[in-house]
file upload_33.tsv (TSV, C-alpha atoms)
chain	number	residue	atom	x	y	z
A	968	MET	CA	54.50	111.99	107.39
A	969	GLY	CA	52.27	114.97	106.72
A	970	HIS	CA	49.00	116.50	107.79
A	971	LYS	CA	45.84	115.44	105.98
A	972	GLY	CA	45.05	119.00	104.98
A	973	ILE	CA	43.55	122.26	106.18
A	974	GLU	CA	39.79	122.50	106.28
A	975	GLU	CA	37.58	125.47	107.04
A	976	ILE	CA	34.51	124.64	109.09
A	977	TRP	CA	31.56	126.76	110.14
A	978	PRO	CA	30.55	126.99	113.80
A	979	GLU	CA	27.64	124.61	113.20
A	980	GLU	CA	30.06	122.03	111.82
A	981	PHE	CA	32.40	122.58	114.75
A	982	GLU	CA	29.49	122.03	117.15
A	983	SER	CA	28.73	118.77	115.38
A	984	TYR	CA	32.42	117.85	115.53
A	985	ILE	CA	32.67	118.28	119.31
A	986	ASP	CA	29.45	116.29	119.75
A	987	THR	CA	30.97	113.32	117.95
A	988	HIS	CA	34.57	113.47	119.24
A	989	GLN	CA	36.18	112.88	122.60
A	990	GLU	CA	38.10	115.75	124.20
A	991	SER	CA	41.26	113.68	123.87
A	992	GLU	CA	40.88	113.61	120.08
A	993	TYR	CA	41.36	117.33	119.40
A	994	LEU	CA	42.88	120.57	120.65
A	995	LEU	CA	41.09	123.90	120.30
A	996	VAL	CA	43.49	126.83	119.87
A	997	ASP	CA	42.57	130.51	120.21
A	998	VAL	CA	45.03	132.60	118.15
A	999	ARG	CA	43.78	136.03	119.23
A	1000	GLN	CA	45.50	138.40	121.64
A	1001	PRO	CA	45.50	137.71	125.42
A	1002	GLU	CA	43.09	140.56	126.24
A	1003	GLU	CA	40.64	139.27	123.62
A	1004	TYR	CA	40.87	135.82	125.21
A	1005	VAL	CA	40.22	137.27	128.68
A	1006	ASP	CA	37.18	139.16	127.37
A	1007	GLU	CA	35.64	135.98	125.98
A	1008	HIS	CA	36.72	132.64	124.59
A	1009	ILE	CA	35.33	129.24	123.70
A	1010	PRO	CA	35.61	127.01	126.78
A	1011	GLY	CA	38.59	124.68	126.73
A	1012	ALA	CA	40.58	126.71	124.20
A	1013	LYS	CA	44.35	127.00	124.54
A	1014	LEU	CA	45.66	130.52	123.90
A	1015	ILE	CA	48.52	130.87	121.41
A	1016	PRO	CA	48.45	134.32	119.73
A	1017	LEU	CA	49.10	134.22	116.01
A	1018	GLY	CA	52.39	136.08	116.37
A	1019	LYS	CA	53.64	133.34	118.73
A	1020	ILE	CA	52.63	130.34	116.60
A	1021	ASP	CA	56.04	129.87	115.00
A	1022	SER	CA	57.88	129.83	118.32
A	1023	ARG	CA	55.34	127.66	120.15
A	1024	VAL	CA	54.48	125.10	117.48
A	1025	LYS	CA	56.16	122.36	119.56
A	1026	GLU	CA	53.40	122.77	122.14
A	1027	LEU	CA	50.90	121.37	119.64
A	1028	PRO	CA	50.08	117.65	119.66
A	1029	LEU	CA	51.01	115.28	116.84
A	1030	ASP	CA	48.24	112.78	117.55
A	1031	ARG	CA	45.17	115.03	117.80
A	1032	ASP	CA	43.21	117.20	115.39
A	1033	ILE	CA	43.92	120.91	115.89
A	1034	ILE	CA	41.11	123.43	115.51
A	1035	PHE	CA	42.05	127.12	115.32
A	1036	TYR	CA	39.77	130.09	115.79
A	1037	CYS	CA	40.11	133.88	116.08
A	1038	GLY	CA	37.79	136.86	115.91
A	1039	ALA	CA	36.41	136.51	112.40
A	1040	GLY	CA	38.39	133.74	110.70
A	1041	SER	CA	41.37	135.50	109.09
A	1042	ARG	CA	43.99	134.87	111.76
A	1043	SER	CA	42.97	131.25	112.36
A	1044	ARG	CA	43.31	130.42	108.66
A	1045	ILE	CA	46.84	131.83	108.64
A	1046	ALA	CA	47.69	129.98	111.86
A	1047	ALA	CA	46.62	126.67	110.29
A	1048	LEU	CA	48.75	127.43	107.24
A	1049	MET	CA	51.81	128.25	109.37
A	1050	VAL	CA	51.41	125.11	111.47
A	1051	ALA	CA	50.91	122.94	108.38
A	1052	GLU	CA	54.28	124.14	107.16
A	1053	GLN	CA	56.09	123.09	110.33
A	1054	LEU	CA	54.21	120.30	112.09
A	1055	GLU	CA	54.47	116.70	110.90
A	1056	THR	CA	51.21	115.09	111.88
A	1057	GLU	CA	48.63	112.73	110.44
A	1058	ALA	CA	45.85	114.65	112.15
A	1059	ASN	CA	43.55	117.25	110.59
A	1060	LEU	CA	43.97	121.00	110.86
A	1061	TYR	CA	40.80	123.10	110.98
A	1062	SER	CA	40.00	126.82	110.95
A	1063	ILE	CA	36.61	128.01	112.20
A	1064	SER	CA	35.08	130.29	109.56
A	1065	GLY	CA	33.69	133.49	111.03
A	1066	GLY	CA	35.58	132.93	114.28
A	1067	ILE	CA	34.15	133.46	117.73
A	1068	ARG	CA	31.78	136.15	116.45
A	1069	ALA	CA	30.04	133.64	114.20
A	1070	TRP	CA	30.19	131.06	117.01
A	1071	GLU	CA	28.26	133.44	119.23
A	1072	SER	CA	25.99	134.57	116.36
A	1073	ARG	CA	27.31	138.12	116.53
A	1074	LEU	CA	27.61	140.55	113.67
A	1075	VAL	CA	31.14	140.84	112.35
A	1076	HIS	CA	31.03	144.67	112.52
A	1077	ASP	CA	29.61	144.73	108.99
A	1078	LEU	CA	33.12	144.71	107.48
A	1079	PRO	CA	33.23	143.47	103.88
A	1080	LYS	CA	35.31	140.52	102.79
A	1081	ILE	CA	38.16	140.38	100.33
A	1082	VAL	CA	37.38	138.52	97.10
A	1083	HIS	CA	39.02	135.11	96.89
A	1084	PHE	CA	39.63	134.46	93.21
A	1085	GLU	CA	38.76	131.04	91.86
A	1086	GLY	CA	41.34	129.01	89.98
A	1087	SER	CA	39.28	128.86	86.82
A	1088	GLY	CA	40.18	130.48	83.52
A	1089	THR	CA	43.19	130.58	81.26
A	1090	VAL	CA	46.71	131.38	82.40
A	1091	GLN	CA	46.23	134.87	80.96
A	1092	ASP	CA	43.03	135.30	83.01
A	1093	LEU	CA	44.82	134.27	86.18
A	1094	LEU	CA	47.71	136.61	85.47
A	1095	TYR	CA	45.30	139.53	85.06
A	1096	LYS	CA	43.60	138.56	88.32
A	1097	ALA	CA	46.96	138.46	90.05
A	1098	ILE	CA	47.85	141.98	88.87
A	1099	GLU	CA	44.37	143.15	89.93
A	1100	LEU	CA	44.92	141.65	93.38
A	1101	GLU	CA	48.36	143.20	93.73
A	1102	LYS	CA	46.88	146.56	92.69
A	1103	GLY	CA	44.13	146.15	95.27
A	1104	ALA	CA	46.69	145.45	97.99
A	1105	PHE	CA	48.73	148.46	96.86
A	1106	VAL	CA	45.67	150.74	96.98
A	1107	PHE	CA	44.68	149.41	100.40
A	1108	TYR	CA	48.11	149.91	101.93
A	1109	ASN	CA	48.47	153.36	100.39
A	1110	SER	CA	45.00	154.33	101.63
A	1111	LEU	CA	46.01	153.28	105.13
A	1112	THR	CA	49.26	155.23	105.11
A	1113	GLU	CA	47.48	158.36	103.89
A	1114	LYS	CA	44.56	158.21	106.31
A	1115	TYR	CA	46.39	156.87	109.37
A	1116	CYS	CA	49.83	158.41	108.83
A	1117	ASP	CA	50.25	159.07	112.56
A	1118	HIS	CA	49.30	155.55	113.67
A	1119	PHE	CA	51.98	153.16	114.85
A	1120	PHE	CA	50.95	150.35	112.49
A	1121	VAL	CA	51.79	152.35	109.35
A	1122	LYS	CA	55.47	151.39	109.57
A	1123	ASP	CA	54.41	147.73	109.21
A	1124	ILE	CA	52.25	148.56	106.20
A	1125	GLU	CA	54.51	150.83	104.11
A	1126	PRO	CA	57.00	148.10	103.02
A	1127	LEU	CA	54.12	145.89	101.90
A	1128	ALA	CA	52.87	148.52	99.42
A	1129	LYS	CA	56.26	148.55	97.68
A	1130	ALA	CA	56.33	144.75	97.55
A	1131	GLU	CA	52.92	144.59	95.85
A	1132	THR	CA	54.12	146.84	93.03
A	1133	ALA	CA	57.21	144.68	92.52
A	1134	HIS	CA	55.06	141.54	92.39
A	1135	ALA	CA	52.67	143.13	89.90
A	1136	ARG	CA	55.56	144.12	87.65
A	1137	LEU	CA	56.91	140.56	87.71
A	1138	VAL	CA	53.49	139.08	86.89
A	1139	HIS	CA	53.07	141.60	84.07
A	1140	GLY	CA	56.27	140.25	82.51
A	1141	TYR	CA	54.75	136.77	82.41
A	1142	LEU	CA	51.52	138.16	80.99
A	1143	GLU	CA	53.57	139.45	78.06
A	1144	ARG	CA	55.20	136.03	77.74
A	1145	PHE	CA	51.94	134.08	77.69
A	1146	SER	CA	50.00	136.57	75.53
A	1147	PRO	CA	51.42	136.90	71.99
A	1148	GLY	CA	50.90	140.41	70.69
A	1149	PHE	CA	50.25	141.80	74.17
A	1150	ASN	CA	52.57	144.71	74.82
A	1151	PRO	CA	50.97	147.47	76.88
A	1152	ASP	CA	53.27	149.38	79.20
A	1153	PHE	CA	53.24	148.11	82.81
A	1154	ASP	CA	52.47	151.55	84.24
A	1155	GLU	CA	49.55	151.87	81.83
A	1156	VAL	CA	48.12	148.50	82.84
A	1157	PHE	CA	48.70	148.99	86.58
A	1158	ASN	CA	47.40	152.55	86.72
A	1159	ASN	CA	44.23	151.67	84.80
A	1160	LEU	CA	43.27	148.84	87.13
A	1161	LYS	CA	40.87	149.72	89.94
A	1162	GLY	CA	42.18	147.12	92.33
A	1163	ASP	CA	38.59	146.04	92.86
A	1164	VAL	CA	39.09	143.19	95.32
A	1165	ILE	CA	36.36	143.82	97.93
A	1166	GLU	CA	33.17	141.81	97.69
A	1167	GLY	CA	30.28	143.90	96.41
A	1168	GLY	CA	32.55	146.41	94.67
A	1169	LEU	CA	33.07	148.54	97.79
A	1170	GLU	CA	35.92	151.01	97.39
A	1171	PHE	CA	38.76	151.24	99.88
A	1172	LYS	CA	37.84	154.83	100.81
A	1173	ASP	CA	34.48	153.47	102.00
A	1174	LEU	CA	36.24	150.74	103.94
A	1175	MET	CA	38.37	153.40	105.64
A	1176	ARG	CA	35.19	155.06	106.87
A	1177	LYS	CA	34.05	151.77	108.39
A	1178	PHE	CA	37.36	151.55	110.24
A	1179	ASP	CA	36.62	154.91	111.89
A	1180	ALA	CA	34.12	153.28	114.24
A	1181	PHE	CA	36.78	151.23	116.03
A	1182	THR	CA	38.85	151.99	119.10
A	1183	GLU	CA	42.63	152.31	118.71
A	1184	ARG	CA	43.26	148.65	119.54
A	1185	ASP	CA	40.39	147.29	117.46
A	1186	LEU	CA	41.31	149.55	114.53
A	1187	CYS	CA	44.76	147.97	114.42
A	1188	LEU	CA	43.35	144.44	114.69
A	1189	HIS	CA	40.80	144.96	111.90
A	1190	VAL	CA	43.35	146.64	109.64
A	1191	MET	CA	45.73	143.72	110.11
A	1192	GLU	CA	43.00	141.12	109.61
A	1193	THR	CA	42.01	142.78	106.33
A	1194	ALA	CA	45.68	142.77	105.30
A	1195	LEU	CA	45.87	139.06	106.14
A	1196	ASP	CA	42.83	138.42	103.94
A	1197	ILE	CA	44.46	140.21	101.01
A	1198	GLU	CA	47.78	138.41	101.41
A	1199	PHE	CA	46.04	135.04	101.74
A	1200	SER	CA	44.07	135.68	98.53
A	1201	ALA	CA	47.32	136.40	96.71
A	1202	TYR	CA	49.00	133.34	98.22
A	1203	ASP	CA	46.10	131.13	97.20
A	1204	LEU	CA	46.03	132.49	93.64
A	1205	TYR	CA	49.78	132.04	93.12
A	1206	LYS	CA	49.54	128.44	94.34
A	1207	VAL	CA	46.79	127.83	91.76
A	1208	MET	CA	48.87	129.47	89.05
A	1209	ALA	CA	51.88	127.32	89.92
A	1210	ASP	CA	49.76	124.23	89.30
A	1211	LYS	CA	48.20	125.68	86.17
A	1212	VAL	CA	51.33	126.30	84.09
A	1213	SER	CA	53.26	123.45	82.50
A	1214	ASP	CA	56.60	125.28	82.38
A	1215	LYS	CA	58.45	124.19	85.54
A	1216	SER	CA	60.59	127.32	85.72
A	1217	VAL	CA	57.49	129.54	85.57
A	1218	SER	CA	55.75	127.36	88.13
A	1219	GLU	CA	58.69	127.86	90.49
A	1220	VAL	CA	58.40	131.64	90.08
A	1221	PHE	CA	54.75	131.52	91.12
A	1222	LEU	CA	55.61	129.28	94.07
A	1223	SER	CA	58.25	131.79	95.13
A	1224	LEU	CA	55.63	134.55	94.93
A	1225	ALA	CA	53.30	132.41	97.07
A	1226	GLN	CA	56.13	132.01	99.56
A	1227	ALA	CA	56.66	135.78	99.57
A	1228	GLU	CA	52.97	136.33	100.34
A	1229	LYS	CA	53.30	133.83	103.18
A	1230	GLY	CA	56.22	135.90	104.45
A	1231	HIS	CA	54.01	138.98	104.37
A	1232	MET	CA	51.41	137.11	106.43
A	1233	LYS	CA	54.05	136.33	109.05
A	1234	VAL	CA	55.09	139.98	109.18
A	1235	ILE	CA	51.45	140.97	109.74
A	1236	ALA	CA	51.05	138.25	112.37
A	1237	LYS	CA	53.95	139.73	114.33
A	1238	ALA	CA	52.49	143.22	113.90
A	1239	ILE	CA	49.25	142.09	115.54
A	1240	ASP	CA	51.16	141.63	118.79
A	1241	ARG	CA	51.95	145.34	118.74
A	1242	CYS	CA	48.28	146.28	118.32
A	1243	SER	CA	47.73	145.73	122.03
A	1244	SER	CA	50.99	147.06	123.44
A	1245	LYS	CA	51.02	150.26	121.39
A	1246	ALA	CA	47.37	150.94	122.15
A	1247	GLY	CA	48.18	150.86	125.86
A	1248	VAL	CA	46.57	147.49	126.61
A	1249	GLU	CA	48.39	145.43	129.22
call {"tool": "encode", "arguments": {"input": "upload_33.tsv", "output": "structure tokens"}}
result
Amino acid sequence: MGHKGIEEIWPEEFESYIDTHQESEYLLVDVRQPEEYVDEHIPGAKLIPLGKIDSRVKELPLDRDIIFYCGAGSRSRIAALMVAEQLETEANLYSISGGIRAWESRLVHDLPKIVHFEGSGTVQDLLYKAIELEKGAFVFYNSLTEKYCDHFFVKDIEPLAKAETAHARLVHGYLERFSPGFNPDFDEVFNNLKGDVIEGGLEFKDLMRKFDAFTERDLCLHVMETALDIEFSAYDLYKVMADKVSDKSVSEVFLSLAQAEKGHMKVIAKAIDRCSSKAGVE
């Protein structure tokens, strides 16, 4: 057995879906925090916060489509990925793009999106993109630790910055392998990259200023959602790279990197639970 796949749908498509399906054919799951759910939620949604997905996956049906949503789409996409890994079902798994804010036609706080690299190009191109993405993650996490050094979520972020550098170094080794004559020093390559992974070329220092508008709780949530976006981009790219190379041993390395990024996503998912408790929200 196995699920048919994960599909992202826009609110308009979800509206069409519920118009053409019986309630007994699907389950709508809200993966935000309890206080977010209390503030507002799509009628009929079952609340399972992202950080609880792993432990509550048995509550999900095997014979119905499952549609996940969150605030803006990042958490629901990760929830679908986590469930796909554990749940044996022939049903479809969906994530609502833009989340409840798009569903209600609200602005998503004008936060930019992380670039999701396409799987086109040569192996060398993809390897460069991977190092660029790892550099972007490194810059983001370092920017957070410098600007918000007194915030409780920094301890969840600091280990991720070190992991991104290690990943970039490993990818650089394969870039040397697949590029005859290529031999620049890793530090030279890594330090010269901008880590330009935000749509529109926005720099992370500008993103930090956008974060300043949020309350303590919402700051943590938006930081973690941005981190999820970065980790998902890396996961997606490594999966593409694993399919792209013909050398099985190299493919397995990229799959292991994808698995590591998935592990980072789970760490961030757990950290989201602390956004509410540490900010004094009951």
call {"tool": "closest_residue", "arguments": {"input": "upload_33.tsv", "among": "A:Gly1162, A:Pro1028, A:Pro1151, A:Gly972", "to": "Val996 in chain A", "atoms": "only C-alpha atoms"}}
result
A:Pro1028
call {"tool": "closest_atom_pairs", "arguments": {"input": "upload_33.tsv", "of": "range 1009-1125 of chain A", "to": "range 1191-1205 of chain A", "cutoff": "9 Å", "atoms": "all atoms listed in the file", "output": "CSV"}}
result
residue,atom,partner,partner_atom,distance
A:Ala1039,CA,A:Glu1192,CA,8.5
A:Gly1040,CA,A:Glu1192,CA,8.8
A:Ser1041,CA,A:Glu1192,CA,5.9
A:Arg1042,CA,A:Glu1192,CA,6.7
A:Arg1044,CA,A:Phe1199,CA,8.8
A:Ile1045,CA,A:Phe1199,CA,7.7
A:Lys1080,CA,A:Asp1196,CA,7.9
A:Ile1081,CA,A:Asp1196,CA,6.2
A:Val1082,CA,A:Ser1200,CA,7.4
A:His1083,CA,A:Ser1200,CA,5.3
A:Phe1084,CA,A:Leu1204,CA,6.7
A:Glu1085,CA,A:Leu1204,CA,7.6
A:Gly1086,CA,A:Leu1204,CA,6.9
A:Leu1093,CA,A:Leu1204,CA,7.8
A:Lys1096,CA,A:Leu1204,CA,8.4
A:Ala1097,CA,A:Ala1201,CA,7.0
A:Leu1100,CA,A:Ala1201,CA,6.7
A:Glu1101,CA,A:Ala1201,CA,7.5
A:Gly1103,CA,A:Ile1197,CA,8.3
A:Ala1104,CA,A:Ile1197,CA,6.4
A:Phe1107,CA,A:Ala1194,CA,8.3
A:Tyr1108,CA,A:Ala1194,CA,8.3
A:Phe1120,CA,A:Met1191,CA,8.8
A:Ile1124,CA,A:Ala1194,CA,8.8
call {"tool": "residues_around", "arguments": {"input": "upload_33.tsv", "residues": "Val1212 in chain A", "least_positions_apart": "5", "cutoff": "10 Å", "atoms": "only C-alpha atoms", "output": "list in words"}}
result
Thr1089, Val1090, Val1207, Val1217, Ser1218, Glu1219 and Phe1221 of chain A
call {"tool": "atom_distance", "arguments": {"input": "upload_33.tsv", "atom1": "CA of Ala1051 in chain A", "atom2": "CA of Leu1029 in chain A"}}
result
11.4 Å
call {"tool": "residues_around", "arguments": {"input": "upload_33.tsv", "residues": "Val1121 in chain A", "least_positions_apart": "3", "cutoff": "10 Å", "atoms": "only C-alpha atoms", "output": "PyMOL selection string"}}
result
chain A and resi 1108-1109+1111-1118+1124-1126+1187
call {"tool": "closest_residue", "arguments": {"input": "upload_33.tsv", "among": "A:Phe1171, A:Tyr1141, A:Phe1178, A:Phe1157", "to": "Met1208 in chain A", "atoms": "all atoms listed in the file"}}
result
A:Tyr1141
call {"tool": "closest_residue", "arguments": {"input": "upload_33.tsv", "among": "A:Leu1094, A:Val998, A:Ala1227, A:Leu1014", "to": "Leu1127 in chain A", "atoms": "all atoms listed in the file"}}
result
A:Ala1227
call {"tool": "closest_residue", "arguments": {"input": "upload_33.tsv", "among": "A:Glu1170, A:Glu1057, A:Glu1131, A:Glu1003", "to": "Cys1037 in chain A", "atoms": "all atoms listed in the file"}}
result
A:Glu1003
call {"tool": "closest_residue", "arguments": {"input": "upload_33.tsv", "among": "A:Lys1019, A:Lys1013, A:His1134, A:Arg1184", "to": "Ile1033 in chain A", "atoms": "all atoms listed in the file"}}
result
A:Lys1013
call {"tool": "closest_residue", "arguments": {"input": "upload_33.tsv", "among": "A:Val1190, A:Arg1241, A:Lys1206, A:Glu1099", "to": "Ala1225 in chain A", "atoms": "only C-alpha atoms"}}
result
A:Lys1206
call {"tool": "residues_around", "arguments": {"input": "upload_33.tsv", "residues": "range 1007-1011 of chain A", "least_positions_apart": "5", "cutoff": "10 Å", "atoms": "all atoms listed in the file", "output": "ChimeraX atom specification"}}
result
/A:990,994-997,999,1002,1036-1038,1067,1070-1071
call {"tool": "atom_distance", "arguments": {"input": "upload_33.tsv", "atom1": "CA of Lys1102 in chain A", "atom2": "CA of Asp1185 in chain A"}}
result
25.6 Å
call {"tool": "atom_distance", "arguments": {"input": "upload_33.tsv", "atom1": "CA of Cys1242 in chain A", "atom2": "CA of Tyr1004 in chain A"}}
result
14.6 Å
